[in-house]
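The structure file protein-v4.cif is reproduced below (mmCIF, C-alpha atoms).
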```cif
data_input
#
loop_
_atom_site.label_atom_id
_atom_site.label_comp_id
_atom_site.auth_asym_id
_atom_site.auth_seq_id
_atom_site.Cartn_x
_atom_site.Cartn_y
_atom_site.Cartn_z
CA MET A 1 0.00 0.00 0.00
CA VAL A 2 1.12 3.55 -0.75
CA LYS A 3 -0.40 6.95 -0.01
CA ALA A 4 -1.84 8.71 -3.06
CA ILE A 5 -4.19 11.59 -3.83
CA ARG A 6 -7.41 10.38 -5.45
CA PHE A 7 -10.65 12.06 -6.42
CA HIS A 8 -13.98 10.34 -7.05
CA LYS A 9 -15.85 13.14 -8.80
CA PRO A 10 -14.82 16.34 -10.60
CA GLY A 11 -14.95 19.56 -8.64
CA GLY A 12 -12.99 22.06 -6.60
CA PRO A 13 -9.86 21.38 -4.58
CA GLU A 14 -11.92 19.83 -1.79
CA VAL A 15 -12.66 16.71 -3.88
CA MET A 16 -9.07 15.48 -3.47
CA ARG A 17 -8.39 12.86 -0.79
CA LEU A 18 -5.20 11.21 0.49
CA GLU A 19 -5.93 7.49 0.35
CA ASP A 20 -4.17 4.15 0.72
CA VAL A 21 -3.94 2.40 -2.65
CA ASP A 22 -2.53 -0.94 -3.75
CA LEU A 23 0.55 -0.73 -5.96
CA ALA A 24 1.26 -3.82 -8.05
CA ALA A 25 4.68 -4.80 -9.38
CA PRO A 26 5.53 -2.95 -12.59
CA ALA A 27 4.19 -4.59 -15.75
CA ALA A 28 6.28 -5.30 -18.82
CA GLY A 29 7.79 -2.09 -20.14
CA GLU A 30 7.13 -0.20 -16.90
CA VAL A 31 9.22 1.07 -14.02
CA GLN A 32 8.11 1.68 -10.47
CA VAL A 33 9.25 5.07 -9.22
CA ARG A 34 9.35 6.05 -5.56
CA HIS A 35 8.78 9.78 -5.58
CA THR A 36 11.06 12.15 -3.71
CA ALA A 37 9.39 15.28 -5.12
CA ILE A 38 6.27 16.00 -7.19
CA GLY A 39 5.54 18.91 -9.52
CA LEU A 40 2.33 20.96 -9.29
CA ASN A 41 0.99 22.31 -12.59
CA TYR A 42 -2.06 24.18 -13.78
CA ILE A 43 -3.11 21.27 -15.97
CA ASP A 44 -3.74 19.35 -12.73
CA THR A 45 -6.64 21.70 -11.99
CA TYR A 46 -8.12 20.99 -15.43
CA HIS A 47 -8.11 17.25 -14.66
CA ARG A 48 -9.54 17.79 -11.17
CA SER A 49 -12.32 20.12 -12.34
CA GLY A 50 -13.41 17.89 -15.19
CA LEU A 51 -12.36 20.31 -17.94
CA TYR A 52 -10.12 17.48 -19.14
CA PRO A 53 -12.28 14.46 -18.15
CA LEU A 54 -10.79 11.34 -16.56
CA PRO A 55 -12.44 8.04 -15.61
CA MET A 56 -13.40 8.01 -11.93
CA PRO A 57 -11.89 7.48 -9.43
CA HIS A 58 -8.49 8.69 -10.54
CA GLY A 59 -5.17 10.07 -9.40
CA LEU A 60 -3.72 13.47 -10.23
CA GLY A 61 -0.38 14.92 -11.22
CA MET A 62 1.68 14.76 -14.39
CA GLU A 63 5.19 15.40 -13.07
CA GLY A 64 7.54 13.83 -10.59
CA ALA A 65 11.07 12.80 -9.70
CA GLY A 66 12.48 9.99 -7.62
CA THR A 67 14.33 6.71 -7.79
CA VAL A 68 13.55 3.51 -9.63
CA ALA A 69 12.29 0.93 -7.13
CA ALA A 70 11.71 -1.91 -9.60
CA VAL A 71 11.62 -2.55 -13.35
CA GLY A 72 9.25 -4.63 -15.41
CA ALA A 73 10.12 -7.22 -18.02
CA GLY A 74 11.81 -5.85 -21.13
CA VAL A 75 13.23 -2.71 -19.48
CA SER A 76 16.97 -2.79 -20.07
CA ASP A 77 18.10 0.84 -19.91
CA LEU A 78 16.97 1.51 -16.34
CA LYS A 79 17.69 -0.25 -13.05
CA ALA A 80 16.74 0.00 -9.40
CA GLY A 81 18.35 3.02 -7.81
CA ASP A 82 18.48 5.18 -10.95
CA ARG A 83 17.35 8.76 -10.46
CA ILE A 84 14.58 9.61 -12.90
CA ALA A 85 12.04 12.32 -13.67
CA TYR A 86 9.04 12.63 -15.97
CA ALA A 87 6.24 14.83 -17.20
CA ALA A 88 3.75 12.49 -18.81
CA PRO A 89 0.26 11.01 -18.67
CA PRO A 90 -1.63 9.31 -17.23
CA PRO A 91 -2.07 11.49 -14.15
CA GLY A 92 -0.88 9.87 -10.95
CA SER A 93 2.25 11.59 -9.70
CA TYR A 94 0.51 12.83 -6.52
CA SER A 95 1.62 9.66 -4.73
CA GLU A 96 4.41 8.10 -2.72
CA ALA A 97 5.09 5.73 -5.62
CA ARG A 98 3.61 4.66 -8.94
CA ASN A 99 4.22 2.60 -12.07
CA ILE A 100 4.83 4.35 -15.37
CA GLU A 101 6.00 3.40 -18.85
CA ALA A 102 9.79 3.35 -19.01
CA THR A 103 9.77 5.27 -22.31
CA LYS A 104 8.19 8.26 -20.55
CA VAL A 105 10.97 8.86 -18.02
CA VAL A 106 14.46 10.30 -18.33
CA LYS A 107 17.51 9.88 -16.15
CA VAL A 108 18.33 12.91 -14.04
CA PRO A 109 21.96 13.97 -14.52
CA ASP A 110 24.38 14.80 -11.74
CA GLY A 111 24.15 18.47 -10.82
CA VAL A 112 20.32 18.51 -10.83
CA ASP A 113 18.68 17.70 -7.47
CA ASP A 114 15.37 15.88 -7.15
CA LYS A 115 13.27 18.92 -6.19
CA THR A 116 14.61 20.86 -9.17
CA ALA A 117 13.97 17.90 -11.46
CA ALA A 118 10.38 17.59 -10.25
CA ALA A 119 9.80 21.31 -10.71
CA MET A 120 11.38 21.61 -14.15
CA MET A 121 10.16 18.77 -16.34
CA LEU A 122 6.68 19.88 -17.42
CA LYS A 123 7.28 23.61 -17.25
CA GLY A 124 10.82 23.41 -18.60
CA MET A 125 10.00 21.19 -21.53
CA THR A 126 6.96 23.35 -22.25
CA ALA A 127 9.35 26.31 -22.42
CA GLN A 128 11.64 24.25 -24.66
CA TYR A 129 9.02 23.50 -27.29
CA LEU A 130 7.64 27.05 -27.13
CA ILE A 131 10.87 28.91 -27.83
CA ARG A 132 12.96 26.23 -29.53
CA GLN A 133 10.37 24.52 -31.75
CA VAL A 134 6.98 26.23 -32.15
CA TYR A 135 8.57 29.63 -32.75
CA LYS A 136 12.37 29.52 -32.69
CA VAL A 137 13.43 32.60 -30.76
CA GLN A 138 16.40 34.33 -32.36
CA SER A 139 18.82 36.96 -31.13
CA GLY A 140 17.26 40.36 -31.72
CA ASP A 141 13.65 39.17 -31.37
CA THR A 142 11.26 40.90 -28.99
CA ILE A 143 8.69 38.51 -27.54
CA LEU A 144 5.72 38.62 -25.16
CA ILE A 145 5.08 35.98 -22.51
CA HIS A 146 1.93 36.24 -20.41
CA ALA A 147 2.11 35.18 -16.75
CA ALA A 148 5.80 36.01 -16.75
CA ALA A 149 6.16 35.33 -13.02
CA GLY A 150 4.71 31.82 -13.32
CA GLY A 151 6.70 28.63 -13.65
CA VAL A 152 6.78 28.54 -17.45
CA GLY A 153 7.07 32.32 -17.69
CA LEU A 154 10.21 32.51 -15.57
CA ILE A 155 11.90 29.77 -17.58
CA VAL A 156 10.88 31.25 -20.95
CA SER A 157 12.12 34.68 -19.86
CA GLN A 158 15.53 33.42 -18.76
CA TRP A 159 16.03 31.12 -21.73
CA ALA A 160 14.87 33.63 -24.34
CA LYS A 161 17.09 36.29 -22.76
CA ALA A 162 20.06 33.90 -23.00
CA LEU A 163 19.24 33.46 -26.70
CA GLY A 164 19.54 37.22 -27.20
CA ALA A 165 15.87 38.19 -27.19
CA THR A 166 14.20 41.15 -25.51
CA VAL A 167 11.44 39.84 -23.24
CA ILE A 168 8.17 41.60 -22.42
CA GLY A 169 5.97 39.92 -19.82
CA THR A 170 2.61 40.51 -18.17
CA VAL A 171 2.18 40.10 -14.40
CA SER A 172 -0.49 41.00 -11.86
CA SER A 173 1.46 42.83 -9.15
CA ASP A 174 4.58 44.82 -8.32
CA ALA A 175 6.03 41.84 -6.47
CA LYS A 176 5.57 39.60 -9.49
CA ALA A 177 7.04 42.31 -11.71
CA ALA A 178 10.17 42.36 -9.57
CA LEU A 179 10.45 38.57 -9.73
CA ALA A 180 10.02 38.56 -13.51
CA LYS A 181 12.57 41.36 -13.89
CA ALA A 182 15.09 39.38 -11.84
CA ASN A 183 14.63 36.43 -14.17
CA GLY A 184 15.27 37.95 -17.57
CA CYS A 185 12.04 39.84 -18.28
CA ASP A 186 13.22 43.21 -19.62
CA HIS A 187 9.80 44.88 -19.54
CA PRO A 188 7.31 43.53 -16.97
CA ILE A 189 3.83 45.01 -17.52
CA ILE A 190 1.38 45.01 -14.62
CA TYR A 191 -1.77 44.22 -16.57
CA THR A 192 -4.04 45.07 -13.63
CA ARG A 193 -2.82 48.64 -13.88
CA ASP A 194 -1.62 49.18 -17.44
CA ASN A 195 -3.00 48.28 -20.87
CA PHE A 196 -0.50 45.75 -22.16
CA VAL A 197 -1.27 46.48 -25.82
CA GLU A 198 -0.44 50.15 -25.36
CA LYS A 199 2.70 49.28 -23.43
CA VAL A 200 3.93 46.82 -26.07
CA LEU A 201 3.39 49.40 -28.82
CA GLU A 202 5.32 51.92 -26.74
CA ILE A 203 8.21 49.50 -26.07
CA THR A 204 8.49 48.44 -29.71
CA GLY A 205 7.97 51.87 -31.21
CA GLY A 206 4.83 50.57 -32.90
CA LYS A 207 6.61 47.72 -34.68
CA LYS A 208 4.80 45.00 -32.72
CA LEU A 209 6.01 41.43 -32.13
CA PRO A 210 6.79 38.25 -34.06
CA VAL A 211 5.29 36.00 -31.35
CA VAL A 212 3.08 35.99 -28.27
CA TYR A 213 3.07 33.07 -25.80
CA ASP A 214 -0.32 33.02 -24.06
CA SER A 215 -1.32 30.61 -21.28
CA ILE A 216 -4.16 32.79 -19.96
CA GLY A 217 -6.75 32.16 -22.68
CA LYS A 218 -10.13 33.89 -22.68
CA ASP A 219 -9.10 37.11 -20.93
CA THR A 220 -5.99 37.89 -22.98
CA TRP A 221 -6.24 36.32 -26.40
CA PRO A 222 -8.11 39.07 -28.35
CA ALA A 223 -5.64 41.73 -27.20
CA SER A 224 -2.72 39.37 -27.80
CA LEU A 225 -3.55 39.44 -31.50
CA ASP A 226 -3.29 43.24 -31.46
CA VAL A 227 0.42 43.21 -30.55
CA LEU A 228 1.44 40.87 -33.36
CA ARG A 229 3.06 42.17 -36.53
CA PRO A 230 1.84 40.84 -39.91
CA ARG A 231 2.50 37.08 -40.18
CA GLY A 232 3.19 36.95 -36.43
CA THR A 233 2.53 33.83 -34.39
CA MET A 234 -0.02 33.51 -31.60
CA VAL A 235 0.90 30.53 -29.41
CA SER A 236 -1.97 29.56 -27.10
CA PHE A 237 -0.67 26.95 -24.66
CA GLY A 238 -3.07 27.26 -21.73
CA GLN A 239 -6.35 28.70 -20.52
CA ALA A 240 -6.01 29.81 -16.92
CA SER A 241 -8.87 32.29 -17.32
CA GLY A 242 -11.04 29.90 -19.32
CA PRO A 243 -11.08 28.50 -22.86
CA ILE A 244 -10.98 30.77 -25.91
CA PRO A 245 -14.55 31.02 -27.25
CA PRO A 246 -15.49 30.09 -30.82
CA VAL A 247 -13.92 32.52 -33.28
CA ASP A 248 -14.34 33.55 -36.90
CA LEU A 249 -11.05 32.46 -38.46
CA GLY A 250 -11.18 35.49 -40.72
CA ILE A 251 -9.82 37.56 -37.83
CA PHE A 252 -6.35 36.12 -38.46
CA ALA A 253 -6.47 37.40 -42.03
CA GLN A 254 -7.80 40.80 -40.98
CA LYS A 255 -5.01 41.32 -38.45
CA GLY A 256 -2.19 40.54 -40.87
CA SER A 257 -2.17 36.89 -41.99
CA LEU A 258 -1.43 35.77 -38.44
CA VAL A 259 -0.51 32.21 -37.48
CA PHE A 260 -2.42 30.63 -34.59
CA THR A 261 -1.36 27.39 -32.89
CA ARG A 262 -2.57 25.49 -29.83
CA PRO A 263 0.29 23.08 -29.04
CA THR A 264 0.54 20.58 -26.21
CA LEU A 265 3.65 19.10 -24.65
CA MET A 266 2.61 15.48 -25.13
CA THR A 267 2.74 15.85 -28.92
CA PHE A 268 6.38 16.90 -28.72
CA THR A 269 7.39 14.17 -26.26
CA ALA A 270 5.43 11.38 -27.97
CA THR A 271 8.57 9.51 -28.99
CA LYS A 272 11.42 8.41 -26.75
CA GLU A 273 13.86 10.19 -29.05
CA GLY A 274 11.93 13.46 -28.98
CA LEU A 275 11.63 13.31 -25.20
CA ALA A 276 15.36 12.68 -24.78
CA THR A 277 16.34 15.53 -27.11
CA MET A 278 14.11 18.03 -25.31
CA ALA A 279 15.12 16.89 -21.84
CA ASN A 280 18.81 17.06 -22.68
CA ASP A 281 18.38 20.58 -24.08
CA LEU A 282 16.62 21.59 -20.86
CA PHE A 283 19.13 19.91 -18.55
CA ASP A 284 21.98 21.61 -20.42
CA ALA A 285 20.32 25.03 -20.02
CA VAL A 286 19.86 24.47 -16.29
CA LYS A 287 23.32 23.02 -15.62
CA SER A 288 24.94 25.88 -17.57
CA GLY A 289 23.26 28.42 -15.29
CA LYS A 290 21.36 30.06 -18.16
CA VAL A 291 18.09 28.91 -16.60
CA LYS A 292 17.43 28.74 -12.88
CA ILE A 293 14.39 26.81 -11.68
CA ASN A 294 12.62 28.97 -9.11
CA ILE A 295 10.89 26.79 -6.52
CA GLU A 296 8.88 29.41 -4.69
CA GLN A 297 6.43 27.16 -2.79
CA THR A 298 6.67 23.72 -1.18
CA TYR A 299 3.72 21.83 0.30
CA ALA A 300 3.33 18.43 1.89
CA LEU A 301 1.38 16.04 -0.33
CA ALA A 302 -1.28 15.90 2.39
CA ASP A 303 -1.75 19.68 1.96
CA VAL A 304 -2.54 19.47 -1.75
CA VAL A 305 -5.97 21.09 -1.29
CA LYS A 306 -4.28 24.26 -0.04
CA ALA A 307 -1.75 24.06 -2.88
CA HIS A 308 -4.54 23.99 -5.49
CA GLN A 309 -6.39 26.82 -3.78
CA ASP A 310 -3.27 28.97 -3.86
CA LEU A 311 -2.50 28.05 -7.47
CA GLU A 312 -5.98 28.90 -8.73
CA GLY A 313 -6.05 32.01 -6.55
CA ARG A 314 -2.92 33.25 -8.36
CA LYS A 315 -1.06 33.35 -5.05
CA THR A 316 1.86 31.29 -6.34
CA THR A 317 4.90 32.31 -8.35
CA GLY A 318 7.51 30.24 -10.13
CA SER A 319 7.36 26.49 -9.55
CA THR A 320 5.63 24.59 -6.75
CA VAL A 321 6.70 21.21 -5.39
CA LEU A 322 4.74 18.69 -3.33
CA MET A 323 6.71 16.50 -0.93
CA PRO A 324 5.43 12.95 -0.35
#
```
How does this structure look as structure tokens?
Amino acid sequence: MVKAIRFHKPGGPEVMRLEDVDLAAPAAGEVQVRHTAIGLNYIDTYHRSGLYPLPMPHGLGMEGAGTVAAVGAGVSDLKAGDRIAYAAPPPGSYSEARNIEATKVVKVPDGVDDKTAAAMMLKGMTAQYLIRQVYKVQSGDTILIHAAAGGVGLIVSQWAKALGATVIGTVSSDAKAALAKANGCDHPIIYTRDNFVEKVLEITGGKKLPVVYDSIGKDTWPASLDVLRPRGTMVSFGQASGPIPPVDLGIFAQKGSLVFTRPTLMTFTATKEGLATMANDLFDAVKSGKVKINIEQTYALADVVKAHQDLEGRKTTGSTVLMP
């Protein structure tokens, strides 16, 4: 038996329960990981609320780090005692231990501790595909990242800055503006006080931007289009304020032949080779010091209800880790 967070019906944070669950030996192609740290991500709230439906009852959590406790038949590249991390479905990382497909985990290199590994996989590889694949940020680019003081935002800001870009970011408070500024965001905009479209036009001298990275969704996406130059790219990778409503696709033509994309991490990590390439790129950026993983909050696994309340209440910054 192991302790794990389960929920039996969709709803608010209060539906989560810490329960004893049976954990079988890993099946063929699986490893059993004993978690030392667990990542908290906004997608977890989508699963819990039912926005992304799961069969009931179910576990939660897409990200974790720990050591291999056992390996199933056919697993030859991992062994008991190896340090590993992952950001992959199905949800279930909110647990002391779990089984997961061996092809979905990566070895954690020396120089990266377990808490950092747990905090960096989903957010860090999201940042990797955003700025290294979906729109390849180049030296001299000026970009906009919404929620610049969040986990993905802080990584994108640092990494893009290291690539030679100028980074504009939206935040909700002076404290978050200071945090973003300290992590590579050249121009934090407090959207609760200032109109970010006007500010972007001022910063760019009216030239606008080649790309916007938007994880907010409903509240920001129409204005995000207004800061893009002709043929610019709108990258919608989350919906913290709610999903984007139905839209007349003609708006992308009217605003300058814009490109719109709604990527998801799991498409980019679908193959073992793709996962390894992205993870190695991320680990290199972290070990080099170009990217620092900011773990701003730590909660006990048993306090996950409070963690979700704080996350949805926009009280968190950077990355959050749950400790089993």
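Using all atoms listed in the file, the nearest neighbour of Thr320 in chain A within the list A:Ser236, A:Thr116, A:Gln297, A:Ser95 is A:Gln297.
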Convert the output of the PyMOL selection byres ((chain A and resi 101) around 7) on the shown file into explicit residues, formatted as a PyMOL selection string. chain A and resi 29-31+100+102-104
Radius query 8 Å about (1.8, 33.7, -35.3), atoms used: all atoms listed in the file, as a PDB file with C-alpha atoms, keeping the file's coordinate frame:
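Final output, out.pdb:
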```pdb
ATOM      1  CA  PRO A 210       6.790  38.250 -34.060  1.00  0.00           C
ATOM      2  CA  VAL A 211       5.290  36.000 -31.350  1.00  0.00           C
ATOM      3  CA  VAL A 212       3.080  35.990 -28.270  1.00  0.00           C
ATOM      4  CA  LEU A 228       1.440  40.870 -33.360  1.00  0.00           C
ATOM      5  CA  ARG A 231       2.500  37.080 -40.180  1.00  0.00           C
ATOM      6  CA  GLY A 232       3.190  36.950 -36.430  1.00  0.00           C
ATOM      7  CA  THR A 233       2.530  33.830 -34.390  1.00  0.00           C
ATOM      8  CA  MET A 234      -0.020  33.510 -31.600  1.00  0.00           C
ATOM      9  CA  VAL A 235       0.900  30.530 -29.410  1.00  0.00           C
ATOM     10  CA  LEU A 258      -1.430  35.770 -38.440  1.00  0.00           C
ATOM     11  CA  VAL A 259      -0.510  32.210 -37.480  1.00  0.00           C
ATOM     12  CA  PHE A 260      -2.420  30.630 -34.590  1.00  0.00           C
ATOM     13  CA  THR A 261      -1.360  27.390 -32.890  1.00  0.00           C
TER      14      THR A 261
END
```
Residue with smallest distance to Ala302 in chain A - pool A:Gly72, A:Gly61, A:Gly318, A:Pro324, counting only C-alpha atoms: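 For Ala302 in chain A, the nearest of the candidates is A:Pro324.
The coordinates place CA of Arg98 in chain A at 29.3 Å from CA of Lys315 in chain A.
Distance check against Lys218 in chain A using all atoms listed in the file: of A:Ile244, A:Met1, A:Ala147, A:Val152, the minimum falls on A:Ile244.
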Determine, counting all atoms listed in the file, which protein, DNA and RNA residues have an atom within 9 Å of an atom of Ser224 in chain A; residues of the same chain fewer than 3 positions away are not included. Present the result as a list in words. Leu144, Phe196, Val197, Val212, Tyr213, Asp214, Thr220, Trp221, Val227, Leu228 and Met234 of chain A
Residues proximal to (2.0, 40.7, -10.8) were defined as those with any atom within 10 Å of that point in the file's coordinates, counting only C-alpha atoms. Which are they, as a count of residues only? 25
Please compute the CA of Glu63 in chain A-CA of Gly184 in chain A distance, one decimal, in Å.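 Computing it gives 25.1 Å between the two atoms.
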Between CA of Met120 in chain A and CA of Thr316 in chain A - distance in Å to one decimal: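 Going from CA of Thr316 in chain A over to CA of Met120 in chain A covers 15.7 Å.
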I need the residue nearest Arg132 in chain A from this list: A:Gly256, A:Asp281, A:Gly151, A:Gly164. Use all atoms listed in the file for the distance.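 Residue with the minimum atom-to-atom distance to Arg132 in chain A: A:Asp281.
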As a short mmCIF file (atom, residue, chain, number, x, y, z; two decimals) with C-alpha atoms, in the frame of the given file, please: the residues near Asp219 in chain A (cut-off 9 Å, only C-alpha atoms, same-chain neighbours under 4 positions excluded).
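Contents of selection02.cif, as written:
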```cif
data_model
loop_
_atom_site.label_atom_id
_atom_site.label_comp_id
_atom_site.auth_asym_id
_atom_site.auth_seq_id
_atom_site.Cartn_x
_atom_site.Cartn_y
_atom_site.Cartn_z
CA ALA A 223 -5.64 41.73 -27.20
CA GLN A 239 -6.35 28.70 -20.52
CA ALA A 240 -6.01 29.81 -16.92
CA SER A 241 -8.87 32.29 -17.32
CA GLY A 242 -11.04 29.90 -19.32
CA ILE A 244 -10.98 30.77 -25.91
#
```
Expected selection from the PyMOL selection byres ((chain A and resi 124) around 12), given as a PDB file with C-alpha atoms, in the coordinates of the input:
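Once written, result_26.pdb looks like this:
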```pdb
ATOM      1  CA  GLY A  39       5.540  18.910  -9.520  1.00  0.00           C
ATOM      2  CA  ASN A  41       0.990  22.310 -12.590  1.00  0.00           C
ATOM      3  CA  GLU A  63       5.190  15.400 -13.070  1.00  0.00           C
ATOM      4  CA  TYR A  86       9.040  12.630 -15.970  1.00  0.00           C
ATOM      5  CA  ALA A  87       6.240  14.830 -17.200  1.00  0.00           C
ATOM      6  CA  THR A 116      14.610  20.860  -9.170  1.00  0.00           C
ATOM      7  CA  ALA A 117      13.970  17.900 -11.460  1.00  0.00           C
ATOM      8  CA  ALA A 118      10.380  17.590 -10.250  1.00  0.00           C
ATOM      9  CA  ALA A 119       9.800  21.310 -10.710  1.00  0.00           C
ATOM     10  CA  MET A 120      11.380  21.610 -14.150  1.00  0.00           C
ATOM     11  CA  MET A 121      10.160  18.770 -16.340  1.00  0.00           C
ATOM     12  CA  LEU A 122       6.680  19.880 -17.420  1.00  0.00           C
ATOM     13  CA  LYS A 123       7.280  23.610 -17.250  1.00  0.00           C
ATOM     14  CA  MET A 125      10.000  21.190 -21.530  1.00  0.00           C
ATOM     15  CA  THR A 126       6.960  23.350 -22.250  1.00  0.00           C
ATOM     16  CA  ALA A 127       9.350  26.310 -22.420  1.00  0.00           C
ATOM     17  CA  GLN A 128      11.640  24.250 -24.660  1.00  0.00           C
ATOM     18  CA  TYR A 129       9.020  23.500 -27.290  1.00  0.00           C
ATOM     19  CA  LEU A 130       7.640  27.050 -27.130  1.00  0.00           C
ATOM     20  CA  ILE A 131      10.870  28.910 -27.830  1.00  0.00           C
ATOM     21  CA  ARG A 132      12.960  26.230 -29.530  1.00  0.00           C
ATOM     22  CA  GLY A 150       4.710  31.820 -13.320  1.00  0.00           C
ATOM     23  CA  GLY A 151       6.700  28.630 -13.650  1.00  0.00           C
ATOM     24  CA  VAL A 152       6.780  28.540 -17.450  1.00  0.00           C
ATOM     25  CA  GLY A 153       7.070  32.320 -17.690  1.00  0.00           C
ATOM     26  CA  LEU A 154      10.210  32.510 -15.570  1.00  0.00           C
ATOM     27  CA  ILE A 155      11.900  29.770 -17.580  1.00  0.00           C
ATOM     28  CA  VAL A 156      10.880  31.250 -20.950  1.00  0.00           C
ATOM     29  CA  SER A 157      12.120  34.680 -19.860  1.00  0.00           C
ATOM     30  CA  GLN A 158      15.530  33.420 -18.760  1.00  0.00           C
ATOM     31  CA  TRP A 159      16.030  31.120 -21.730  1.00  0.00           C
ATOM     32  CA  LEU A 265       3.650  19.100 -24.650  1.00  0.00           C
ATOM     33  CA  MET A 278      14.110  18.030 -25.310  1.00  0.00           C
ATOM     34  CA  ALA A 279      15.120  16.890 -21.840  1.00  0.00           C
ATOM     35  CA  ASN A 280      18.810  17.060 -22.680  1.00  0.00           C
ATOM     36  CA  ASP A 281      18.380  20.580 -24.080  1.00  0.00           C
ATOM     37  CA  LEU A 282      16.620  21.590 -20.860  1.00  0.00           C
ATOM     38  CA  PHE A 283      19.130  19.910 -18.550  1.00  0.00           C
ATOM     39  CA  ASP A 284      21.980  21.610 -20.420  1.00  0.00           C
ATOM     40  CA  ALA A 285      20.320  25.030 -20.020  1.00  0.00           C
ATOM     41  CA  VAL A 286      19.860  24.470 -16.290  1.00  0.00           C
ATOM     42  CA  VAL A 291      18.090  28.910 -16.600  1.00  0.00           C
ATOM     43  CA  LYS A 292      17.430  28.740 -12.880  1.00  0.00           C
ATOM     44  CA  ILE A 293      14.390  26.810 -11.680  1.00  0.00           C
ATOM     45  CA  ASN A 294      12.620  28.970  -9.110  1.00  0.00           C
ATOM     46  CA  GLY A 318       7.510  30.240 -10.130  1.00  0.00           C
ATOM     47  CA  SER A 319       7.360  26.490  -9.550  1.00  0.00           C
TER      48      SER A 319
END
```
Choose the residue, out of A:Val33, A:Leu51, A:Leu301, A:Leu60, that has the smallest atom-to-atom separation from Lys107 in chain A; count all atoms listed in the file.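 That would be A:Val33, the residue with the smallest distance to Lys107 in chain A.
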